[in-house]
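*Asks:* As input, take start_7.cif (mmCIF, C-alpha atoms):
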```
data_upload
loop_
_atom_site.label_atom_id
_atom_site.label_comp_id
_atom_site.auth_asym_id
_atom_site.auth_seq_id
_atom_site.Cartn_x
_atom_site.Cartn_y
_atom_site.Cartn_z
CA MET I 29 54.30 9.38 68.24
CA MET I 30 54.19 7.09 71.28
CA SER I 31 57.50 8.27 72.70
CA THR I 32 55.89 11.54 73.76
CA ASP I 33 53.68 9.56 76.14
CA LEU I 34 50.56 11.52 75.30
CA ASN I 35 48.29 8.70 76.32
CA ASN I 36 50.12 7.01 79.22
CA SER I 37 50.36 3.75 77.33
CA MET I 38 52.76 0.90 76.86
CA ALA I 39 53.07 -1.70 74.12
CA VAL I 40 52.76 -5.38 74.98
CA ASN I 41 54.23 -8.00 72.68
CA VAL I 42 51.83 -10.91 72.75
CA ASP I 43 53.94 -13.22 70.59
CA SER I 44 56.72 -13.15 73.15
CA ASN I 45 54.22 -14.17 75.79
CA LEU I 46 52.19 -16.92 74.20
CA SER I 47 50.15 -19.09 76.58
CA VAL I 48 50.52 -16.40 79.25
CA TRP I 49 47.39 -14.93 80.83
CA HIS I 50 47.23 -11.17 80.30
CA LEU I 51 45.16 -9.30 82.87
CA LEU I 52 42.86 -6.86 81.10
CA ASP I 53 43.40 -3.38 82.47
CA ALA I 54 40.23 -1.39 81.88
CA ARG I 55 41.19 1.57 84.05
CA PRO I 56 40.54 4.89 82.33
CA PRO I 57 43.70 6.86 81.52
CA HIS I 58 44.51 10.19 83.16
CA ASP I 59 43.00 12.20 80.32
CA GLY I 60 40.05 9.85 79.87
CA VAL I 61 36.52 11.19 79.76
CA ASP I 62 33.90 10.05 82.24
CA PRO I 63 30.99 7.96 80.90
CA PRO I 64 27.83 9.77 79.83
CA SER I 65 24.84 10.32 82.05
CA GLY I 66 21.18 10.26 81.18
CA GLU I 67 18.06 8.18 81.28
CA GLY I 68 18.86 4.49 81.11
CA ILE I 69 22.57 5.02 81.66
CA PRO I 70 23.87 3.23 84.77
CA PRO I 71 25.57 5.20 87.55
CA VAL I 72 29.34 5.53 87.47
CA TYR I 73 31.90 5.60 90.23
CA ASP I 74 35.56 6.47 90.69
CA VAL I 75 37.54 3.48 89.47
CA VAL I 76 41.04 4.98 89.47
CA VAL I 77 42.74 7.98 91.08
CA PHE I 78 45.87 9.45 89.53
CA GLU I 79 48.23 11.50 91.64
CA ASN I 80 50.83 13.94 90.42
CA THR I 81 54.16 12.52 91.55
CA ILE I 82 55.54 15.97 92.47
CA LEU I 83 52.58 17.73 94.10
CA GLY I 84 51.56 14.50 95.77
CA ASN I 85 54.55 14.73 98.07
CA PHE I 86 53.19 17.88 99.71
CA ASP I 87 50.42 16.93 102.11
CA LEU I 88 49.35 20.18 103.78
CA PRO I 89 45.89 19.52 105.28
CA PHE I 90 45.62 22.98 106.87
CA LEU I 91 45.24 24.40 103.37
CA ARG I 92 42.00 22.40 103.10
CA THR I 93 40.81 22.50 99.49
CA LEU I 94 44.13 23.98 98.40
CA ASN I 95 46.11 21.08 99.83
CA PRO I 96 48.58 20.24 97.03
CA LYS I 97 48.17 16.51 97.62
CA GLN I 98 44.44 16.80 97.00
CA ILE I 99 44.84 19.13 94.04
CA ALA I 100 47.28 16.65 92.55
CA ARG I 101 44.66 13.93 92.50
CA THR I 102 42.46 13.23 89.51
CA ALA I 103 39.72 10.64 89.75
CA ARG I 104 38.32 8.91 86.68
CA LYS I 105 34.98 7.22 86.62
CA GLY I 106 33.74 4.01 85.08
CA TYR I 107 31.06 1.38 85.34
CA VAL I 108 31.42 -0.99 88.26
CA ILE I 109 30.71 -4.55 87.20
CA TYR I 110 29.84 -6.90 90.01
CA ARG I 111 27.94 -9.77 88.43
CA VAL I 112 28.90 -11.24 85.09
CA LEU I 113 26.39 -13.41 83.27
CA ASP I 114 28.46 -14.21 80.21
CA ILE I 115 31.57 -13.14 78.34
CA GLY I 116 32.53 -12.99 74.69
CA VAL I 117 35.48 -12.29 72.42
CA GLY I 118 35.67 -11.64 68.71
CA HIS I 119 37.49 -9.87 65.95
CA GLU I 120 36.44 -6.60 64.55
CA HIS I 121 35.26 -7.00 61.03
CA TRP I 122 37.75 -8.51 58.65
CA HIS I 123 35.80 -8.42 55.45
CA GLU I 124 32.26 -7.37 54.88
CA HIS I 125 30.07 -7.06 51.86
CA ASP I 126 27.53 -4.35 51.32
CA CYS I 127 24.19 -5.29 49.87
CA ASP I 128 21.42 -3.10 48.54
CA VAL I 129 18.90 -4.37 51.07
CA TYR I 130 20.76 -4.12 54.35
CA GLY I 131 23.74 -1.98 53.48
CA GLY I 132 26.85 -3.01 55.39
CA GLU I 133 28.45 -2.74 58.77
CA MET I 134 29.76 0.65 59.81
CA ASP I 135 33.46 0.75 60.55
CA SER I 136 35.76 3.53 61.69
CA LEU I 137 38.07 2.90 58.74
CA ASP I 138 35.24 3.69 56.34
CA GLY I 139 34.90 7.18 57.75
CA PRO I 140 36.37 10.50 56.64
CA GLY I 141 39.79 9.49 57.94
CA LEU I 142 42.15 11.79 59.78
CA PRO I 143 42.31 14.96 57.66
CA PRO I 144 44.50 16.54 56.52
CA VAL I 145 47.04 13.71 56.75
CA LEU I 146 44.98 10.59 56.08
CA ILE I 147 41.88 11.33 54.05
CA GLU I 148 39.05 8.88 53.62
CA ARG I 149 40.28 5.53 52.29
CA SER I 150 43.94 6.36 52.90
CA VAL I 151 43.41 5.75 56.62
CA TYR I 152 42.18 2.28 55.78
CA GLN I 153 45.27 1.62 53.70
CA PHE I 154 47.51 3.01 56.44
CA PHE I 155 46.28 0.26 58.72
CA ASN I 156 45.75 -2.53 56.22
CA GLY I 157 48.23 -2.01 53.42
CA PRO I 158 47.77 -1.16 49.74
CA VAL I 159 44.43 -2.85 49.28
CA ASP I 160 40.92 -1.55 48.82
CA ASP I 161 38.41 -3.61 50.70
CA GLN I 162 35.36 -3.14 52.85
CA GLY I 163 36.11 -1.98 56.38
CA GLY I 164 37.95 -3.68 59.16
CA PHE I 165 41.39 -4.06 60.65
CA ILE I 166 43.53 -7.04 59.77
CA ASP I 167 46.07 -6.76 62.57
CA GLY I 168 44.17 -9.28 64.65
CA THR I 169 42.79 -6.84 67.22
CA VAL I 170 39.76 -8.20 69.03
CA ASN I 171 36.98 -6.83 71.18
CA TYR I 172 35.90 -8.22 74.54
CA TYR I 173 32.28 -8.26 75.61
CA LEU I 174 30.41 -8.78 78.86
CA LEU I 175 26.78 -9.48 79.57
CA CYS I 176 26.13 -8.10 83.01
CA PRO I 177 24.07 -5.86 85.24
CA VAL I 178 26.05 -2.72 86.09
CA SER I 179 25.63 -0.93 89.38
CA GLY I 180 28.27 -0.23 91.96
CA LYS I 181 25.97 0.04 94.96
CA GLN I 182 24.59 -3.46 94.71
CA ARG I 183 27.69 -5.50 95.30
CA ASP I 184 26.03 -7.18 98.24
CA GLN I 185 23.98 -9.91 96.62
CA ARG I 186 21.43 -9.71 99.46
CA GLU I 187 20.57 -6.17 98.40
CA ARG I 188 20.18 -7.14 94.80
CA PRO I 189 16.79 -6.16 93.43
CA ALA I 190 14.47 -8.81 92.06
CA THR I 191 15.17 -7.89 88.47
CA GLN I 192 18.05 -5.94 86.98
CA ARG I 193 18.74 -4.31 83.67
CA VAL I 194 21.39 -6.17 81.74
CA ARG I 195 24.15 -4.22 80.01
CA TYR I 196 26.52 -5.11 77.23
CA PRO I 197 29.90 -3.45 77.87
CA TRP I 198 32.73 -3.80 75.36
CA LEU I 199 36.46 -3.18 75.50
CA ASP I 200 38.86 -2.99 72.62
CA GLU I 201 41.97 -5.11 73.02
CA GLN I 202 43.82 -1.81 72.53
CA ALA I 203 42.60 -1.03 76.03
CA VAL I 204 44.24 2.35 76.31
CA LEU I 205 42.41 3.47 73.19
CA SER I 206 39.09 2.13 74.43
CA GLU I 207 39.91 3.74 77.81
CA ARG I 208 37.43 1.64 79.84
CA TRP I 209 34.47 -0.68 79.54
CA ARG I 210 31.98 1.14 77.35
CA LEU I 211 28.30 0.63 76.85
CA LEU I 212 27.43 -0.70 73.44
CA HIS I 213 25.62 2.51 72.61
CA PRO I 214 26.48 5.50 70.39
CA ASP I 215 26.10 7.89 73.33
CA ASP I 216 29.17 6.43 75.02
CA ASN I 217 31.40 8.25 72.55
CA ALA I 218 33.57 10.71 74.50
CA PHE I 219 37.32 10.05 74.57
CA GLY I 220 40.36 11.80 76.00
CA SER I 221 42.37 14.42 74.17
CA PHE I 222 44.74 12.08 72.32
CA ARG I 223 42.02 9.70 71.19
CA ASP I 224 39.74 12.59 70.35
CA THR I 225 42.41 13.93 68.00
CA VAL I 226 43.06 10.51 66.47
CA PRO I 227 39.67 8.76 66.52
CA SER I 228 39.82 4.99 66.54
CA SER I 229 36.28 3.97 67.36
CA VAL I 230 33.24 4.06 65.13
CA VAL I 231 31.15 5.70 67.87
CA GLN I 232 33.42 8.73 67.62
CA TYR I 233 32.77 9.03 63.92
CA LEU I 234 29.03 8.52 64.38
CA PHE I 235 29.06 11.44 66.80
CA LYS I 236 31.42 13.70 64.86
CA THR I 237 30.35 12.99 61.29
CA PRO I 238 27.02 11.14 61.36
CA CYS I 239 26.08 12.38 57.89
CA TYR I 240 29.22 11.05 56.20
CA HIS I 241 28.15 9.08 53.15
CA SER I 242 29.28 5.69 54.38
CA PHE I 243 27.48 6.16 57.72
CA ARG I 244 24.32 8.24 57.18
CA PHE I 245 23.57 7.61 60.82
CA ASN I 246 20.37 9.03 62.28
CA GLN I 247 20.39 8.57 66.02
CA ASN I 248 16.69 9.43 66.16
CA LEU I 249 16.09 6.11 64.46
CA PHE I 250 18.39 4.20 66.81
CA TRP I 251 16.80 2.22 69.59
CA CYS I 252 18.68 0.32 72.27
CA PRO I 253 16.76 -2.41 74.14
CA PHE I 254 19.50 -2.50 76.79
CA ARG I 255 19.21 1.20 77.59
CA ASP I 256 15.44 1.11 77.47
CA GLY I 257 15.43 -1.63 80.11
CA HIS I 258 13.99 -4.45 78.02
CA ILE I 259 16.84 -6.88 78.63
CA ILE I 260 16.62 -8.03 82.22
CA VAL I 261 17.77 -10.80 84.52
CA GLY I 262 16.34 -12.01 87.78
CA HIS I 263 12.96 -13.60 87.39
CA VAL I 264 12.08 -15.49 90.56
CA ALA I 265 11.75 -18.82 88.79
CA THR I 266 14.88 -18.39 86.69
CA PRO I 267 17.17 -15.94 88.52
CA ASP I 268 20.09 -16.24 86.08
CA LEU I 269 18.13 -16.26 82.85
CA VAL I 270 18.42 -13.19 80.65
CA THR I 271 15.11 -12.33 79.04
CA PHE I 272 13.55 -9.71 76.82
CA GLN I 273 10.88 -7.89 78.77
CA PRO I 274 8.28 -6.07 76.65
CA LYS I 275 7.09 -2.93 78.35
CA GLN I 276 5.78 0.52 77.72
CA SER I 277 8.73 2.68 76.77
CA LYS I 278 8.83 6.36 77.59
CA ASN I 279 7.14 7.36 74.37
CA ASN I 280 4.33 4.88 75.01
CA ARG I 281 5.50 2.64 72.23
CA GLN I 282 4.59 -0.98 72.79
CA VAL I 283 7.60 -3.12 71.98
CA LYS I 284 6.92 -6.70 70.97
CA MET R 48 33.87 -18.60 82.41
CA VAL R 49 36.06 -19.28 79.40
CA VAL R 50 35.41 -18.50 75.77
CA ALA R 51 37.60 -18.72 72.71
CA ASN R 52 37.43 -17.07 69.32
CA SER R 53 39.66 -15.34 66.78
CA GLY R 54 42.88 -16.68 68.23
CA ARG R 55 42.12 -15.59 71.79
CA VAL R 56 41.09 -17.37 74.95
CA PHE R 57 39.15 -15.00 77.18
CA ALA R 58 38.45 -15.90 80.79
CA LYS R 59 36.87 -14.48 83.92
CA GLU R 60 38.37 -15.16 87.32
CA VAL R 61 36.04 -16.99 89.71
CA GLY R 62 34.48 -14.68 92.25
CA ARG R 63 36.20 -11.56 90.89
CA THR R 64 35.43 -9.16 88.09
CA ARG R 65 38.89 -9.65 86.64
CA PHE R 66 39.37 -10.82 83.10
CA TYR R 67 42.30 -12.37 81.30
CA PHE R 68 43.19 -13.34 77.77
CA THR R 69 45.90 -15.38 76.17
CA MET R 70 47.01 -16.48 72.73
CA LEU R 71 48.32 -19.95 72.04
CA GLU R 72 49.79 -19.30 68.60
CA PRO R 73 50.86 -16.22 66.64
CA MET R 74 48.15 -14.50 64.69
CA PHE R 75 50.24 -14.22 61.53
CA ARG R 76 53.38 -15.79 60.10
CA ARG R 77 55.66 -14.63 57.33
CA ASN R 78 58.75 -15.91 55.55
CA GLY R 79 57.74 -19.41 56.29
CA ASP R 80 57.32 -19.84 60.04
CA GLN R 81 58.40 -16.46 61.39
CA PRO R 82 55.72 -14.87 63.61
CA VAL R 83 54.49 -11.38 62.86
CA ARG R 84 54.56 -9.36 66.03
CA SER R 85 51.16 -8.90 67.66
CA VAL R 86 51.06 -5.83 69.87
CA TYR R 87 48.40 -4.23 71.97
CA PHE R 88 48.48 -1.02 73.94
CA LYS R 89 47.43 -0.77 77.55
CA LEU R 90 47.66 1.80 80.32
CA ASP R 91 51.24 1.99 81.52
CA PRO R 92 51.21 0.08 84.83
CA GLU R 93 54.41 1.81 85.96
CA GLN R 94 53.26 5.39 85.66
CA GLY R 95 53.74 7.37 88.83
CA GLN R 96 56.21 4.89 90.28
CA GLU R 97 59.72 6.01 91.16
CA THR R 98 61.13 2.90 89.50
CA ALA R 99 59.31 3.52 86.23
CA ASP R 100 61.49 3.46 83.13
CA ASN R 101 59.97 5.36 80.26
CA ALA R 102 61.82 3.22 77.73
CA ASP R 103 60.02 0.13 78.96
CA ARG R 104 56.78 1.32 77.43
CA LEU R 105 58.00 0.92 73.89
CA ALA R 106 60.58 -1.81 74.28
CA HIS R 107 58.30 -4.31 72.61
CA LEU R 108 58.24 -2.26 69.43
CA GLU R 109 62.00 -2.06 68.95
CA GLY R 110 63.61 -3.83 66.05
CA GLU R 111 60.41 -4.34 64.12
CA ASN R 112 61.05 -4.18 60.40
CA SER R 113 58.32 -6.40 59.07
CA THR R 114 56.53 -5.35 55.92
CA HIS R 115 53.52 -7.41 56.92
CA PRO R 116 50.42 -5.16 57.04
CA ALA R 117 49.77 -6.16 60.66
CA ALA R 118 53.13 -4.78 61.80
CA VAL R 119 54.33 -2.34 59.16
CA ARG R 120 53.18 0.70 61.12
CA LEU R 121 54.83 -0.27 64.41
CA PRO R 122 58.12 1.62 63.77
CA PHE R 123 56.06 4.77 63.19
CA PHE R 124 54.78 4.68 66.77
CA VAL R 125 58.24 5.06 68.29
CA LYS R 126 59.33 7.97 66.10
#
```
Using structure tokens, write down the structure that the file contains.
*Replies:*
Amino acid sequence: MMSTDLNNSMAVNVDSNLSVWHLLDARPPHDGVDPPSGEGIPPVYDVVVFENTILGNFDLPFLRTLNPKQIARTARKGYVIYRVLDIGVGHEHWHEHDCDVYGGEMDSLDGPGLPPVLIERSVYQFFNGPVDDQGGFIDGTVNYYLLCPVSGKQRDQRERPATQRVRYPWLDEQAVLSERWRLLHPDDNAFGSFRDTVPSSVVQYLFKTPCYHSFRFNQNLFWCPFRDGHIIVGHVATPDLVTFQPKQSKNNRQVK
Amino acid sequence: MVVANSGRVFAKEVGRTRFYFTMLEPMFRRNGDQPVRSVYFKLDPEQGQETADNADRLAHLEGENSTHPAAVRLPFFVK
């Protein structure tokens, strides 16, 4: 499965490297998909350029756009983080209980699985063993979170606007499966070919099978205060304080 | 910035948008005090380099025969 190198990844044994700092590599893989665009989505920039090791040796500028060295290059985009307000780390769900009032958390292992091989709950048991429980991985995988404004063109603090929208990017510890820092929003759901074939994130399932019985996800009823610009930082009196800013949203709804 | 939760210490480098994590103890143990291998997958840092050894990518999965749910699927990845 991994030996075919479909997703340019390597395995890291953490237990052989206890008390060693591991640098998080959030570069998108070669077949990664660029972040979405749209209202409220921050701009993205090239964060990594891959070059074909064979074509890259032929630099023929006179061919202009057909220069093999240029053709061999593939740029992948991501969010450029330049000011971090806070960081967080936590497990994905281990155990969760549904209740009639609130329902339960949505988890990728509670989806339709990976038909035709692993159908519905069998994908959960593939990851967690012969048990039947509510959602979650038990292999210890964590997610990393940032609280930060995101904009690549404002690295110079002197050009920083008075107030900035705060974002909430996340990265799975399985970084190559997460591909890059992603917005905590169901629209940031596109993955490369390998990960699209073998979905691992709940946002993929919410996009592909929103009506599945354990999800019943209606994006029309989903509202994101981060994307709508209500979470800001940069008041004059408290420049580093993150606040909720009520404002008129695009549909003239007053948010309190 | 340093935070800790769920067996991880997560830190941001001062003045840089670079982040690190570490673990101080194994996540799981079996057969008494034997650690269960914790593995994560990242982008191969050697890809494109002339010195890259393809076998290095999966070296950390070799020899795993644990029946612990956290590691039982690891041999499947190298097949």
*Asks:* For this structure, which residues satisfy the selection - the PyMOL selection byres ((chain R and resi 86-88) around 9) - when it is evaluated on the file as given? I want them as a short mmCIF file (atom, residue, chain, number, x, y, z; two decimals) with C-alpha atoms, keeping the file's coordinate frame.
*Replies:*
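This went into out31.cif:
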```
data_model
loop_
_atom_site.label_atom_id
_atom_site.label_comp_id
_atom_site.auth_asym_id
_atom_site.auth_seq_id
_atom_site.Cartn_x
_atom_site.Cartn_y
_atom_site.Cartn_z
CA SER I 37 50.36 3.75 77.33
CA MET I 38 52.76 0.90 76.86
CA ALA I 39 53.07 -1.70 74.12
CA VAL I 40 52.76 -5.38 74.98
CA ASN I 41 54.23 -8.00 72.68
CA VAL I 42 51.83 -10.91 72.75
CA ASP I 43 53.94 -13.22 70.59
CA ASP I 167 46.07 -6.76 62.57
CA THR I 169 42.79 -6.84 67.22
CA GLU I 201 41.97 -5.11 73.02
CA GLN I 202 43.82 -1.81 72.53
CA ALA I 203 42.60 -1.03 76.03
CA VAL I 204 44.24 2.35 76.31
CA LEU I 205 42.41 3.47 73.19
CA ARG R 84 54.56 -9.36 66.03
CA SER R 85 51.16 -8.90 67.66
CA LYS R 89 47.43 -0.77 77.55
CA LEU R 90 47.66 1.80 80.32
CA ASP R 91 51.24 1.99 81.52
CA HIS R 107 58.30 -4.31 72.61
CA LEU R 108 58.24 -2.26 69.43
CA ALA R 118 53.13 -4.78 61.80
CA LEU R 121 54.83 -0.27 64.41
#
```
*Asks:* Nearest to I:Asn95 among I:Val129, I:Asp215, I:Val48, I:Leu83, with distances taken over all atoms listed in the file: which residue is it?
*Replies:*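 The closest residue to I:Asn95 is I:Leu83.
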*Asks:* Between I:Asp128, I:Asp200, I:Asp135, I:Glu67, single out the one closest to I:Asn171, counting all atoms listed in the file.
*Replies:*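 Among the listed residues, I:Asp200 lies closest to I:Asn171.
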*Asks:* Report, in Å with one decimal, the straight-line distance from atom CA of I:Pro71 to atom CA of I:Lys105.
*Replies:*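 Going from atom CA of I:Pro71 over to atom CA of I:Lys105 covers 9.7 Å.
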*Asks:* Restricting the calculation to all atoms listed in the file: of I:Pro140, I:Gly60, I:Gly116, I:Pro274, which residue gets closest to R:Val56?
*Replies:*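 Among I:Pro140, I:Gly60, I:Gly116, I:Pro274, it is I:Gly116 that comes nearest to R:Val56.
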*Asks:* Tell me, in Å to one decimal, how far atom CA of R:Asn101 is from atom CA of R:Glu72.
*Replies:* 29.1 Å
*Asks:* Just give me the gap between atom CA of I:Val261 and atom CA of I:Gln273 in Å, one decimal is fine.
*Replies:*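 Separation between atom CA of I:Val261 and atom CA of I:Gln273: 9.4 Å.
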*Asks:* Name every residue that the PyMOL selection byres ((chain I) within 9 of (chain R)) selects in this structure, writing the answer as number ranges by chain with chains first and numbers rising.
*Replies:* I: 29-33, 35-57, 78-81, 109-112, 114-119, 154-158, 165-170, 172, 201-205, 207
*Asks:* Applying 9 Å and only C-alpha atoms, which residues near I:Gly84 remain after dropping the ones on its own chain fewer than 5 positions away? List them as a ChimeraX atom specification.
*Replies:* /I:79,96-101
*Asks:* Any chance you could resolve the PyMOL selection byres ((chain I and resi 226) around 12) against this file and give the residues as a ChimeraX atom specification?
*Replies:* /I:29,34-35,136-137,140-146,151,205,219-225,227-230,232-233
*Asks:* For each of I:His213, I:Lys236, I:Arg195, I:Arg244, take the minimum atom-to-atom distance to I:Ile259, counting all atoms listed in the file, then give the residue where this is smallest.
*Replies:* I:Arg195
*Asks:* Might you pull out every residue within 8 Å of I:Asp62, with only C-alpha atoms counted and same-chain residues fewer than 6 positions away left off, and present them as number ranges by chain?
*Replies:* I: 104-106, 218
